[in-house]
$ cat upload_12.cif   # mmCIF, C-alpha atoms
data_structure
loop_
_atom_site.label_atom_id
_atom_site.label_comp_id
_atom_site.auth_asym_id
_atom_site.auth_seq_id
_atom_site.Cartn_x
_atom_site.Cartn_y
_atom_site.Cartn_z
CA MET A 1 0.00 0.00 0.00
CA PHE A 2 1.48 3.35 -1.04
CA LEU A 3 0.14 6.86 -0.54
CA SER A 4 1.35 9.38 -3.11
CA LEU A 5 0.41 12.94 -4.01
CA ASP A 6 -0.72 13.58 -7.59
CA SER A 7 -0.65 16.87 -9.50
CA GLY A 8 -4.14 17.78 -8.31
CA GLY A 9 -3.21 17.64 -4.63
CA TYR A 10 -4.91 14.30 -3.95
CA TRP A 11 -3.40 11.28 -2.23
CA SER A 12 -3.61 7.89 -3.93
CA LEU A 13 -4.37 5.01 -1.57
CA GLY A 14 -4.83 1.59 -3.11
CA GLY A 15 -5.88 3.13 -6.43
CA THR A 16 -8.46 5.43 -4.81
CA SER A 17 -7.85 9.19 -4.63
CA ILE A 18 -8.66 10.89 -1.33
CA LYS A 19 -8.03 14.45 -0.20
CA VAL A 20 -6.09 14.66 3.08
CA MET A 21 -7.61 17.75 4.67
CA SER A 22 -9.17 16.83 8.02
CA SER A 23 -8.82 14.77 11.18
CA VAL A 24 -11.15 12.18 9.59
CA ASP A 25 -8.50 11.54 6.94
CA LEU A 26 -5.77 11.15 9.55
CA HIS A 27 -7.97 8.68 11.40
CA SER A 28 -8.53 6.76 8.15
CA ILE A 29 -4.82 6.56 7.34
CA TRP A 30 -4.03 5.40 10.89
CA SER A 31 -6.81 2.81 10.98
CA GLU A 32 -6.03 1.44 7.52
CA ALA A 33 -2.38 0.86 8.42
CA ILE A 34 -3.13 -0.65 11.87
CA SER A 35 -5.84 -2.99 10.55
CA GLY A 36 -3.41 -4.20 7.87
CA GLY A 37 -0.79 -5.06 10.49
CA GLY A 38 1.42 -2.11 9.57
CA SER A 39 3.58 0.12 11.75
CA VAL A 40 2.76 3.81 12.10
CA ALA A 41 4.55 6.92 13.36
CA VAL A 42 2.99 10.35 13.84
CA TRP A 43 5.17 13.25 14.96
CA ARG A 44 5.59 17.00 15.24
CA LEU A 45 8.90 18.82 15.60
CA PRO A 46 9.37 21.47 18.32
CA HIS A 47 8.12 24.98 17.57
CA THR A 48 6.23 23.87 14.45
CA ASP A 49 2.57 23.32 13.61
CA GLN A 50 2.99 20.60 10.98
CA PHE A 51 2.27 16.98 11.80
CA HIS A 52 3.64 14.03 9.85
CA ILE A 53 2.24 10.50 9.54
CA LEU A 54 4.28 7.66 8.09
CA ALA A 55 3.35 3.99 7.84
CA ASP A 56 5.36 0.94 6.82
CA MET A 57 3.77 -2.45 6.23
CA GLN A 58 7.07 -4.34 6.81
CA PRO A 59 9.57 -2.32 8.88
CA SER A 60 13.20 -3.41 9.08
CA ARG A 61 15.52 -3.81 12.04
CA GLY A 62 19.27 -3.23 12.05
CA MET A 63 22.08 -0.68 12.18
CA LEU A 64 21.02 2.85 11.23
CA ASP A 65 23.28 4.84 8.91
CA VAL A 66 21.90 8.35 9.23
CA ASP A 67 24.32 9.70 6.62
CA LYS A 68 23.21 7.36 3.81
CA SER A 69 19.72 6.20 4.78
CA ASP A 70 16.62 6.87 2.73
CA PHE A 71 13.83 8.93 4.30
CA GLY A 72 12.00 7.17 7.09
CA PHE A 73 11.41 7.07 10.84
CA ALA A 74 13.81 5.38 13.29
CA ILE A 75 12.98 3.91 16.71
CA SER A 76 15.52 2.42 19.13
CA PRO A 77 15.03 0.76 22.52
CA PHE A 78 17.13 1.81 25.50
CA LEU A 79 19.18 -1.38 25.29
CA ASN A 80 20.77 -1.32 21.85
CA SER A 81 24.51 -1.62 22.46
CA ASP A 82 25.52 -2.58 18.92
CA GLY A 83 22.79 -0.59 17.17
CA THR A 84 21.23 -3.62 15.49
CA GLU A 85 17.93 -3.34 17.40
CA THR A 86 16.98 -0.07 15.70
CA ILE A 87 13.61 -0.27 13.91
CA PHE A 88 13.28 1.64 10.64
CA LEU A 89 9.95 2.59 9.08
CA LYS A 90 10.08 3.49 5.40
CA ASP A 91 7.42 5.67 3.80
CA ASP A 92 4.93 3.21 2.32
CA ILE A 93 2.46 5.87 3.45
CA TYR A 94 3.42 9.46 4.19
CA ALA A 95 1.35 12.61 4.65
CA VAL A 96 1.63 16.03 6.29
CA PHE A 97 -1.16 18.00 7.96
CA ASN A 98 -1.56 21.11 10.11
CA ALA A 99 -2.35 21.51 13.80
CA ASP A 100 -5.91 22.64 13.18
CA GLU A 101 -6.56 19.29 11.50
CA LEU A 102 -5.98 17.47 14.81
CA SER A 103 -9.27 18.60 16.35
CA ASP A 104 -12.57 16.79 16.89
CA PHE A 105 -11.56 13.14 16.96
CA ASN A 106 -14.97 11.65 17.65
CA THR A 107 -14.10 8.05 16.83
CA SER A 108 -11.63 6.01 18.86
CA ALA A 109 -8.71 4.43 17.02
CA GLU A 110 -7.33 0.91 17.38
CA TYR A 111 -3.66 0.36 18.13
CA HIS A 112 -1.12 -2.43 18.53
CA VAL A 113 -0.80 -3.64 22.12
CA GLY A 114 2.59 -4.94 23.21
CA SER A 115 3.70 -6.36 26.53
CA CYS A 116 5.15 -4.47 29.49
CA LEU A 117 7.42 -6.93 31.30
CA ASN A 118 8.94 -7.13 34.78
CA ARG A 119 7.49 -3.97 36.27
CA ASP A 120 6.01 -5.38 39.49
CA VAL A 121 8.34 -3.36 41.73
CA SER A 122 9.15 -0.44 39.47
CA GLY A 123 6.29 1.78 40.63
CA ASN A 124 6.87 0.97 44.30
CA ARG A 125 8.16 3.97 46.24
CA GLU A 126 10.21 1.96 48.73
CA HIS A 127 11.89 0.00 45.95
CA PHE A 128 12.83 3.21 44.15
CA LEU A 129 14.17 4.89 47.31
CA LYS A 130 16.32 1.85 48.12
CA MET A 131 17.60 1.83 44.54
CA VAL A 132 18.61 5.49 44.85
CA GLU A 133 20.36 4.77 48.15
CA SER A 134 22.20 1.84 46.59
CA GLY A 135 23.26 4.09 43.72
CA MET A 136 24.57 6.70 46.15
CA HIS A 137 26.58 4.05 48.02
CA ALA A 138 28.06 2.88 44.71
CA ILE A 139 29.02 6.47 43.88
CA ALA A 140 30.65 6.86 47.30
CA ASP A 141 32.59 3.66 46.55
CA ALA A 142 33.76 5.23 43.25
CA LYS A 143 32.00 2.63 41.06
CA PHE A 144 30.53 5.44 38.93
CA ASP A 145 29.84 9.18 39.19
CA LYS A 146 26.17 9.23 38.26
CA VAL A 147 23.33 6.82 37.59
CA VAL A 148 19.78 7.39 36.32
CA PRO A 149 17.30 4.87 37.78
CA ALA A 150 13.79 4.81 36.35
CA ARG A 151 10.36 3.58 37.43
CA THR A 152 6.85 3.33 36.03
CA LEU A 153 3.42 4.62 37.00
CA ASP A 154 0.25 2.81 35.90
CA ILE A 155 -2.81 4.87 34.97
CA PRO A 156 -6.14 3.15 34.19
CA LEU A 157 -7.49 4.21 30.80
CA PRO A 158 -10.94 5.83 31.06
CA ASP A 159 -13.88 4.25 29.25
CA SER A 160 -13.91 7.29 26.98
CA PHE A 161 -10.23 6.89 26.04
CA ASN A 162 -9.50 8.20 22.55
CA LEU A 163 -5.95 7.60 21.31
CA LEU A 164 -5.73 10.34 18.69
CA LYS A 165 -7.56 12.87 20.85
CA LEU A 166 -5.03 12.33 23.66
CA PHE A 167 -2.18 12.77 21.20
CA ALA A 168 -3.72 16.05 20.04
CA GLU A 169 -3.93 17.23 23.66
CA ILE A 170 -0.31 16.28 24.36
CA SER A 171 0.75 18.20 21.26
CA ALA A 172 -1.23 21.29 22.24
CA ASN A 173 0.27 21.25 25.73
CA SER A 174 3.89 20.72 24.58
CA PRO A 175 4.74 23.29 21.88
CA ASN A 176 8.47 23.17 22.71
CA ALA A 177 8.76 19.37 22.63
CA PHE A 178 9.11 16.67 20.00
CA VAL A 179 5.76 14.89 20.20
CA SER A 180 5.30 11.39 18.83
CA LEU A 181 2.85 8.53 18.58
CA ILE A 182 4.08 5.17 17.29
CA SER A 183 2.39 1.79 16.99
CA ILE A 184 4.30 -1.33 15.95
CA PRO A 185 3.19 -4.99 16.07
CA GLU A 186 4.90 -6.86 18.96
CA ILE A 187 6.47 -3.61 20.24
CA GLY A 188 3.15 -1.93 21.02
CA THR A 189 2.02 1.69 21.11
CA TRP A 190 3.97 4.57 22.66
CA MET A 191 3.18 8.27 22.97
CA GLY A 192 5.23 11.13 24.37
CA ALA A 193 6.52 14.69 24.37
CA THR A 194 10.29 14.81 24.84
CA PRO A 195 12.39 17.95 25.38
CA GLU A 196 15.73 16.32 24.58
CA MET A 197 17.37 16.15 21.17
CA LEU A 198 19.89 13.36 20.70
CA ILE A 199 21.30 14.43 17.33
CA GLU A 200 20.44 16.66 14.40
CA SER A 201 22.54 15.79 11.36
CA THR A 202 22.81 17.09 7.80
CA SER A 203 25.55 17.14 5.17
CA ARG A 204 26.48 20.63 6.39
CA TYR A 205 26.25 20.54 10.17
CA PHE A 206 25.82 18.38 13.28
CA ARG A 207 24.04 19.34 16.51
CA THR A 208 23.50 17.74 19.89
CA VAL A 209 22.61 18.94 23.39
CA SER A 210 23.20 18.16 27.04
CA LEU A 211 20.07 18.44 29.17
CA ALA A 212 19.81 17.80 32.90
CA GLY A 213 18.50 19.30 36.13
CA THR A 214 14.77 19.50 36.74
CA GLN A 215 12.54 21.99 38.55
CA ALA A 216 8.86 22.79 38.36
CA PHE A 217 7.96 25.75 36.17
CA VAL A 218 6.10 28.49 38.04
CA GLU A 219 3.81 30.61 35.90
CA GLY A 220 5.29 34.04 35.28
CA MET A 221 8.83 33.10 36.36
CA ASP A 222 11.81 34.70 34.62
CA LEU A 223 13.86 31.76 33.30
CA SER A 224 17.05 33.82 33.36
CA MET A 225 16.63 34.22 37.13
CA ALA A 226 16.10 30.51 37.93
CA ALA A 227 18.20 29.32 40.87
CA TRP A 228 19.88 25.93 40.58
CA THR A 229 21.38 23.81 43.35
CA GLN A 230 24.97 22.59 43.28
CA LYS A 231 23.65 19.06 42.69
CA GLU A 232 21.67 20.14 39.61
CA ILE A 233 24.55 22.18 38.20
CA GLU A 234 26.97 19.29 38.63
CA GLU A 235 24.51 16.83 37.11
CA GLN A 236 24.19 18.96 33.99
CA ALA A 237 27.97 19.45 33.87
CA MET A 238 28.42 15.66 33.85
CA VAL A 239 26.16 15.32 30.82
CA SER A 240 28.09 18.10 29.08
CA ARG A 241 31.42 16.44 29.83
CA TYR A 242 30.05 13.22 28.41
CA VAL A 243 29.25 14.89 25.07
CA ILE A 244 32.69 16.51 24.90
CA GLU A 245 34.36 13.18 25.72
CA GLN A 246 32.64 11.60 22.73
CA PHE A 247 33.95 14.39 20.48
CA LYS A 248 37.44 13.72 21.83
CA THR A 249 37.04 9.99 21.15
CA ILE A 250 36.93 10.73 17.42
CA ARG A 251 39.47 13.58 17.74
CA LEU A 252 36.96 16.27 16.93
CA ARG A 253 37.87 19.58 18.57
CA ALA A 254 36.28 22.13 16.22
CA PHE A 255 32.84 22.51 17.81
CA ILE A 256 30.86 25.41 19.24
CA GLU A 257 29.41 25.10 22.74
CA LYS A 258 26.62 27.36 23.99
CA GLY A 259 25.19 27.34 27.49
CA PRO A 260 24.18 26.16 29.91
CA ARG A 261 20.95 28.12 30.02
CA THR A 262 17.56 27.51 31.56
CA ILE A 263 14.87 26.29 29.20
CA ARG A 264 11.21 25.44 29.71
CA ALA A 265 9.73 22.05 28.80
CA GLY A 266 6.02 22.07 29.60
CA SER A 267 5.56 22.18 33.36
CA MET A 268 9.31 21.87 34.01
CA ILE A 269 12.54 23.76 33.50
CA HIS A 270 15.97 22.27 32.77
CA LEU A 271 19.58 23.30 32.20
CA LYS A 272 20.64 22.92 28.58
CA SER A 273 23.88 23.29 26.61
CA GLU A 274 24.08 23.06 22.81
CA TYR A 275 26.91 21.76 20.61
CA TYR A 276 27.33 22.61 16.93
CA VAL A 277 29.80 21.33 14.32
CA ASP A 278 30.14 23.08 10.96
CA LEU A 279 30.81 20.31 8.44
CA ASP A 280 31.86 22.85 5.83
CA GLN A 281 34.84 23.50 8.10
CA VAL A 282 35.39 19.99 9.49
CA GLU A 283 35.72 16.90 7.29
CA PHE A 284 33.58 14.23 8.95
CA VAL A 285 31.33 12.71 6.28
CA ASP A 286 29.87 10.12 8.70
CA LEU A 287 29.75 12.26 11.83
CA GLY A 288 26.02 11.72 12.38
CA SER A 289 26.26 7.94 12.46
CA ARG A 290 29.44 7.92 14.53
CA MET A 291 28.08 10.27 17.17
CA LEU A 292 24.77 8.39 17.34
CA ARG A 293 26.64 5.21 18.24
CA LEU A 294 28.79 7.05 20.79
CA LEU A 295 26.05 9.06 22.47
CA HIS A 296 23.27 6.51 22.97
CA PRO A 297 22.40 5.98 25.75
CA THR A 298 23.54 9.36 27.06
CA SER A 299 24.58 10.00 30.63
CA ALA A 300 21.32 11.95 31.02
CA VAL A 301 19.34 8.68 30.87
CA CYS A 302 21.96 6.14 31.95
CA GLY A 303 24.86 7.63 33.90
CA MET A 304 28.62 7.81 33.72
CA PRO A 305 30.85 6.02 33.21
CA ARG A 306 28.21 4.46 30.99
CA GLU A 307 29.03 0.76 31.26
CA ALA A 308 29.18 0.75 35.07
CA ALA A 309 25.96 2.77 35.36
CA LEU A 310 24.20 0.54 32.83
CA LYS A 311 25.22 -2.57 34.78
CA PHE A 312 23.71 -1.06 37.94
CA ILE A 313 20.46 -0.22 36.11
CA ILE A 314 20.07 -3.72 34.69
CA GLU A 315 20.73 -5.33 38.08
CA ASN A 316 18.57 -3.02 40.21
CA GLU A 317 15.80 -1.36 38.25
CA GLY A 318 13.42 -4.30 37.94
CA ILE A 319 11.90 -3.23 34.61
CA ASN A 320 12.51 -3.60 30.92
CA ARG A 321 12.62 0.02 29.76
CA GLU A 322 11.88 -1.06 26.19
CA LEU A 323 11.50 2.21 24.24
CA TYR A 324 11.72 4.54 27.25
CA SER A 325 15.02 6.50 27.06
CA GLY A 326 15.71 5.02 23.65
CA PHE A 327 15.58 7.36 20.67
CA LEU A 328 13.21 8.08 17.79
CA GLY A 329 12.64 10.56 15.00
CA PRO A 330 12.64 11.27 11.26
CA VAL A 331 15.68 10.28 9.22
CA ASN A 332 16.80 12.22 6.15
CA LYS A 333 13.61 14.24 5.77
CA ASP A 334 14.75 16.71 3.09
CA GLY A 335 18.33 15.86 4.05
CA VAL A 336 17.87 16.41 7.80
CA THR A 337 17.91 13.71 10.49
CA GLN A 338 16.41 14.69 13.86
CA LEU A 339 16.50 12.05 16.57
CA TYR A 340 15.20 12.62 20.10
CA VAL A 341 15.59 10.78 23.40
CA ASN A 342 12.26 9.11 24.21
CA LEU A 343 11.39 10.83 27.49
CA ARG A 344 8.07 11.98 29.04
CA CYS A 345 6.49 8.98 27.39
CA MET A 346 3.98 6.24 28.04
CA GLN A 347 3.19 2.80 26.70
CA LEU A 348 -0.48 2.05 26.01
CA LEU A 349 -1.81 -1.37 26.99
CA ASP A 350 -5.38 -2.68 26.70
CA SER A 351 -6.73 -0.81 29.72
CA THR A 352 -3.65 0.88 31.19
CA ALA A 353 -1.19 3.62 30.32
CA VAL A 354 2.28 2.90 31.70
CA LEU A 355 4.20 6.13 32.32
CA TYR A 356 8.01 6.11 32.61
CA ALA A 357 10.30 8.53 34.44
CA GLY A 358 13.84 8.60 35.77
CA ALA A 359 16.01 10.80 37.98
CA GLY A 360 19.73 11.55 37.94
CA VAL A 361 21.44 10.28 41.09
CA THR A 362 24.74 11.83 42.18
CA TYR A 363 26.74 11.99 45.40
CA ASP A 364 24.55 14.88 46.64
CA SER A 365 21.19 13.25 45.91
CA ILE A 366 18.37 13.01 48.44
CA PRO A 367 16.28 9.87 47.72
CA GLU A 368 12.91 11.46 48.52
CA LYS A 369 13.66 14.40 46.19
CA GLU A 370 14.58 12.01 43.38
CA TRP A 371 11.19 10.32 43.83
CA ASP A 372 9.52 13.72 43.72
CA GLU A 373 11.38 14.48 40.47
CA THR A 374 9.98 11.34 38.83
CA MET A 375 6.48 12.37 39.91
CA LEU A 376 7.00 15.84 38.44
CA LYS A 377 8.06 14.29 35.14
CA CYS A 378 5.07 11.93 35.13
CA HIS A 379 2.73 14.88 35.55
CA THR A 380 3.56 16.05 32.01
CA LEU A 381 1.25 13.25 30.84
CA LEU A 382 -0.65 12.42 34.04
CA ASP A 383 -2.38 15.81 34.13
CA LEU A 384 -4.00 15.09 30.77
CA PHE A 385 -5.73 12.02 32.20
CA ASN A 386 -6.99 14.09 35.12
CA HIS A 387 -8.81 16.29 32.60
CA GLU A 388 -10.85 13.33 31.30
#
$ encode --input "upload_12.cif" --output "structure tokens"
Amino acid sequence: MFLSLDSGGYWSLGGTSIKVMSSVDLHSIWSEAISGGGSVAVWRLPHTDQFHILADMQPSRGMLDVDKSDFGFAISPFLNSDGTETIFLKDDIYAVFNADELSDFNTSAEYHVGSCLNRDVSGNREHFLKMVESGMHAIADAKFDKVVPARTLDIPLPDSFNLLKLFAEISANSPNAFVSLISIPEIGTWMGATPEMLIESTSRYFRTVSLAGTQAFVEGMDLSMAAWTQKEIEEQAMVSRYVIEQFKTIRLRAFIEKGPRTIRAGSMIHLKSEYYVDLDQVEFVDLGSRMLRLLHPTSAVCGMPREAALKFIIENEGINRELYSGFLGPVNKDGVTQLYVNLRCMQLLDSTAVLYAGAGVTYDSIPEKEWDETMLKCHTLLDLFNHE
């Protein structure tokens, strides 16, 4: 099944021409792909009002070469050490629509339901607090400098649950985020609004960021006057050092660093630094692919040193993160690849939404405050359910 635009501005679907102009059409594209066993991704880039839908009837899995790949949408789980677990959706179906076409979803949409394994203890407060304490002891013993434990929060889906309507609400409430909705057989359906870019790569430049530190946003606050604790400043500095270390690994020293500065992401604020490489000045034809392999998973979602922190997470967390803190995004859309860390996200089961959140643990952490940080992050999506 292929959806293409003809000279009259109509999309061809299975030999039938349809005009993609309203939310009904989006619903039809989604439902047609899901009912046929296909995989679907819907997304919107930060600070834009255009939404994209792409469907692939037979997605592939393997190493992603962002410098040579055709246009498509990439999805990686958190655990993907050699890169071969990356899922790639090609554009069997592709369409673009505007924000005002996301309104009035009156009909619920089906979606693929995956499994959510080994999460019996992950939402338990005492388990999380003990995990943070164990992480702090390991830091004191010099096993690693930082670790990012995660947990889940289960939310019952209301009887009136409408998948596409919820996605529209998340999008409206997160103008500064990368918002996404994906549904893949066996993997399941995930939705989120992440503030964190992993890489942006073109033939002319490369960009990445370091993002850490979390506080609640207070309406009317001046971001330039935000006060950060020593713990939060050091946590963000660790993520920044991690990015710079990866540049040094490939002997890249010609980069521009800006920040840190305070940025808003929905109901939260964070510290953010940006890194830019001008590929007209630096000869790195495969920089995007090389940095993707080096950066994922970043110290912002795993810890540092990475291998020691990852070992602690696997042994103590009690969940399979699956796509949480993996990455996803469009690849080579008009020559630009934009991949984001999958944060502020949820997995949708038959009658439950499973929300994921983590917190950066350092030597100066206070376990109860790390728990509070995970709750603050969950509220990005939780508040939308409270409006039902």
$ resolve_selection --input "upload_12.cif" --expression "the PyMOL selection byres ((chain A and resi 55-58) around 12)" --output "PDB file with C-alpha atoms, in the frame of the given file"
ATOM      1  CA  MET A   1       0.000   0.000   0.000  1.00  0.00           C
ATOM      2  CA  PHE A   2       1.480   3.350  -1.040  1.00  0.00           C
ATOM      3  CA  LEU A   3       0.140   6.860  -0.540  1.00  0.00           C
ATOM      4  CA  LEU A  26      -5.770  11.150   9.550  1.00  0.00           C
ATOM      5  CA  ILE A  29      -4.820   6.560   7.340  1.00  0.00           C
ATOM      6  CA  TRP A  30      -4.030   5.400  10.890  1.00  0.00           C
ATOM      7  CA  SER A  31      -6.810   2.810  10.980  1.00  0.00           C
ATOM      8  CA  GLU A  32      -6.030   1.440   7.520  1.00  0.00           C
ATOM      9  CA  ALA A  33      -2.380   0.860   8.420  1.00  0.00           C
ATOM     10  CA  ILE A  34      -3.130  -0.650  11.870  1.00  0.00           C
ATOM     11  CA  SER A  35      -5.840  -2.990  10.550  1.00  0.00           C
ATOM     12  CA  GLY A  36      -3.410  -4.200   7.870  1.00  0.00           C
ATOM     13  CA  GLY A  37      -0.790  -5.060  10.490  1.00  0.00           C
ATOM     14  CA  GLY A  38       1.420  -2.110   9.570  1.00  0.00           C
ATOM     15  CA  SER A  39       3.580   0.120  11.750  1.00  0.00           C
ATOM     16  CA  VAL A  40       2.760   3.810  12.100  1.00  0.00           C
ATOM     17  CA  ALA A  41       4.550   6.920  13.360  1.00  0.00           C
ATOM     18  CA  VAL A  42       2.990  10.350  13.840  1.00  0.00           C
ATOM     19  CA  TRP A  43       5.170  13.250  14.960  1.00  0.00           C
ATOM     20  CA  HIS A  52       3.640  14.030   9.850  1.00  0.00           C
ATOM     21  CA  ILE A  53       2.240  10.500   9.540  1.00  0.00           C
ATOM     22  CA  LEU A  54       4.280   7.660   8.090  1.00  0.00           C
ATOM     23  CA  PRO A  59       9.570  -2.320   8.880  1.00  0.00           C
ATOM     24  CA  SER A  60      13.200  -3.410   9.080  1.00  0.00           C
ATOM     25  CA  ARG A  61      15.520  -3.810  12.040  1.00  0.00           C
ATOM     26  CA  PHE A  71      13.830   8.930   4.300  1.00  0.00           C
ATOM     27  CA  GLY A  72      12.000   7.170   7.090  1.00  0.00           C
ATOM     28  CA  PHE A  73      11.410   7.070  10.840  1.00  0.00           C
ATOM     29  CA  ALA A  74      13.810   5.380  13.290  1.00  0.00           C
ATOM     30  CA  ILE A  87      13.610  -0.270  13.910  1.00  0.00           C
ATOM     31  CA  PHE A  88      13.280   1.640  10.640  1.00  0.00           C
ATOM     32  CA  LEU A  89       9.950   2.590   9.080  1.00  0.00           C
ATOM     33  CA  LYS A  90      10.080   3.490   5.400  1.00  0.00           C
ATOM     34  CA  ASP A  91       7.420   5.670   3.800  1.00  0.00           C
ATOM     35  CA  ASP A  92       4.930   3.210   2.320  1.00  0.00           C
ATOM     36  CA  ILE A  93       2.460   5.870   3.450  1.00  0.00           C
ATOM     37  CA  TYR A  94       3.420   9.460   4.190  1.00  0.00           C
ATOM     38  CA  ALA A  95       1.350  12.610   4.650  1.00  0.00           C
ATOM     39  CA  LEU A 181       2.850   8.530  18.580  1.00  0.00           C
ATOM     40  CA  ILE A 182       4.080   5.170  17.290  1.00  0.00           C
ATOM     41  CA  SER A 183       2.390   1.790  16.990  1.00  0.00           C
ATOM     42  CA  ILE A 184       4.300  -1.330  15.950  1.00  0.00           C
ATOM     43  CA  PRO A 185       3.190  -4.990  16.070  1.00  0.00           C
TER      44      PRO A 185
END
$ residues_near_point --input "upload_12.cif" --point "(27.7, 3.7, 39.6)" --cutoff "12 Å" --atoms "only C-alpha atoms" --output "PDB file with C-alpha atoms, in the coordinates of the input"
ATOM      1  CA  MET A 131      17.600   1.830  44.540  1.00  0.00           C
ATOM      2  CA  VAL A 132      18.610   5.490  44.850  1.00  0.00           C
ATOM      3  CA  GLU A 133      20.360   4.770  48.150  1.00  0.00           C
ATOM      4  CA  SER A 134      22.200   1.840  46.590  1.00  0.00           C
ATOM      5  CA  GLY A 135      23.260   4.090  43.720  1.00  0.00           C
ATOM      6  CA  MET A 136      24.570   6.700  46.150  1.00  0.00           C
ATOM      7  CA  HIS A 137      26.580   4.050  48.020  1.00  0.00           C
ATOM      8  CA  ALA A 138      28.060   2.880  44.710  1.00  0.00           C
ATOM      9  CA  ILE A 139      29.020   6.470  43.880  1.00  0.00           C
ATOM     10  CA  ALA A 140      30.650   6.860  47.300  1.00  0.00           C
ATOM     11  CA  ASP A 141      32.590   3.660  46.550  1.00  0.00           C
ATOM     12  CA  ALA A 142      33.760   5.230  43.250  1.00  0.00           C
ATOM     13  CA  LYS A 143      32.000   2.630  41.060  1.00  0.00           C
ATOM     14  CA  PHE A 144      30.530   5.440  38.930  1.00  0.00           C
ATOM     15  CA  ASP A 145      29.840   9.180  39.190  1.00  0.00           C
ATOM     16  CA  LYS A 146      26.170   9.230  38.260  1.00  0.00           C
ATOM     17  CA  VAL A 147      23.330   6.820  37.590  1.00  0.00           C
ATOM     18  CA  VAL A 148      19.780   7.390  36.320  1.00  0.00           C
ATOM     19  CA  PRO A 149      17.300   4.870  37.780  1.00  0.00           C
ATOM     20  CA  SER A 299      24.580  10.000  30.630  1.00  0.00           C
ATOM     21  CA  CYS A 302      21.960   6.140  31.950  1.00  0.00           C
ATOM     22  CA  GLY A 303      24.860   7.630  33.900  1.00  0.00           C
ATOM     23  CA  MET A 304      28.620   7.810  33.720  1.00  0.00           C
ATOM     24  CA  PRO A 305      30.850   6.020  33.210  1.00  0.00           C
ATOM     25  CA  ARG A 306      28.210   4.460  30.990  1.00  0.00           C
ATOM     26  CA  GLU A 307      29.030   0.760  31.260  1.00  0.00           C
ATOM     27  CA  ALA A 308      29.180   0.750  35.070  1.00  0.00           C
ATOM     28  CA  ALA A 309      25.960   2.770  35.360  1.00  0.00           C
ATOM     29  CA  LEU A 310      24.200   0.540  32.830  1.00  0.00           C
ATOM     30  CA  LYS A 311      25.220  -2.570  34.780  1.00  0.00           C
ATOM     31  CA  PHE A 312      23.710  -1.060  37.940  1.00  0.00           C
ATOM     32  CA  ILE A 313      20.460  -0.220  36.110  1.00  0.00           C
ATOM     33  CA  ILE A 314      20.070  -3.720  34.690  1.00  0.00           C
ATOM     34  CA  GLU A 315      20.730  -5.330  38.080  1.00  0.00           C
ATOM     35  CA  ASN A 316      18.570  -3.020  40.210  1.00  0.00           C
ATOM     36  CA  GLY A 360      19.730  11.550  37.940  1.00  0.00           C
ATOM     37  CA  VAL A 361      21.440  10.280  41.090  1.00  0.00           C
ATOM     38  CA  THR A 362      24.740  11.830  42.180  1.00  0.00           C
ATOM     39  CA  TYR A 363      26.740  11.990  45.400  1.00  0.00           C
TER      40      TYR A 363
END
$ atom_distance --input "upload_12.cif" --atom1 "atom CA of Thr208 of chain A" --atom2 "atom CA of Arg321 of chain A"
23.0 Å
$ atom_distance --input "upload_12.cif" --atom1 "atom CA of His27 of chain A" --atom2 "atom CA of Phe97 of chain A"
12.0 Å
$ residues_around --input "upload_12.cif" --residues "segment 76-82 of chain A" --least-positions-apart "3" --cutoff "7 Å" --atoms "all atoms listed in the file" --output "compact mmCIF listing (two decimals) with C-alpha atoms, keeping the file's coordinate frame"
# COMPACT_ATOMS: atom_id res chain seq x y z
CA GLU A 85 17.93 -3.34 17.40
CA THR A 86 16.98 -0.07 15.70
CA ILE A 87 13.61 -0.27 13.91
CA PRO A 297 22.40 5.98 25.75
CA ARG A 321 12.62 0.02 29.76
CA GLU A 322 11.88 -1.06 26.19
CA LEU A 323 11.50 2.21 24.24
CA TYR A 324 11.72 4.54 27.25
CA SER A 325 15.02 6.50 27.06
CA GLY A 326 15.71 5.02 23.65
CA PHE A 327 15.58 7.36 20.67
CA LEU A 328 13.21 8.08 17.79
$ closest_residue --input "upload_12.cif" --among "A:Gly259, A:Pro330, A:Gly318, A:Pro156" --to "Asn124 of chain A" --atoms "only C-alpha atoms"
A:Gly318
$ decode --input "upload_12.cif" --residues "segment 197-209 of chain A" --atoms "C-alpha atoms" --output "compact mmCIF listing (two decimals), in the first residue's frame"
# COMPACT_ATOMS: atom_id res chain seq x y z
CA MET A 197 17.37 16.15 21.17
CA LEU A 198 19.89 13.36 20.70
CA ILE A 199 21.30 14.43 17.33
CA GLU A 200 20.44 16.66 14.40
CA SER A 201 22.54 15.79 11.36
CA THR A 202 22.81 17.09 7.80
CA SER A 203 25.55 17.14 5.17
CA ARG A 204 26.48 20.63 6.39
CA TYR A 205 26.25 20.54 10.17
CA PHE A 206 25.82 18.38 13.28
CA ARG A 207 24.04 19.34 16.51
CA THR A 208 23.50 17.74 19.89
CA VAL A 209 22.61 18.94 23.39
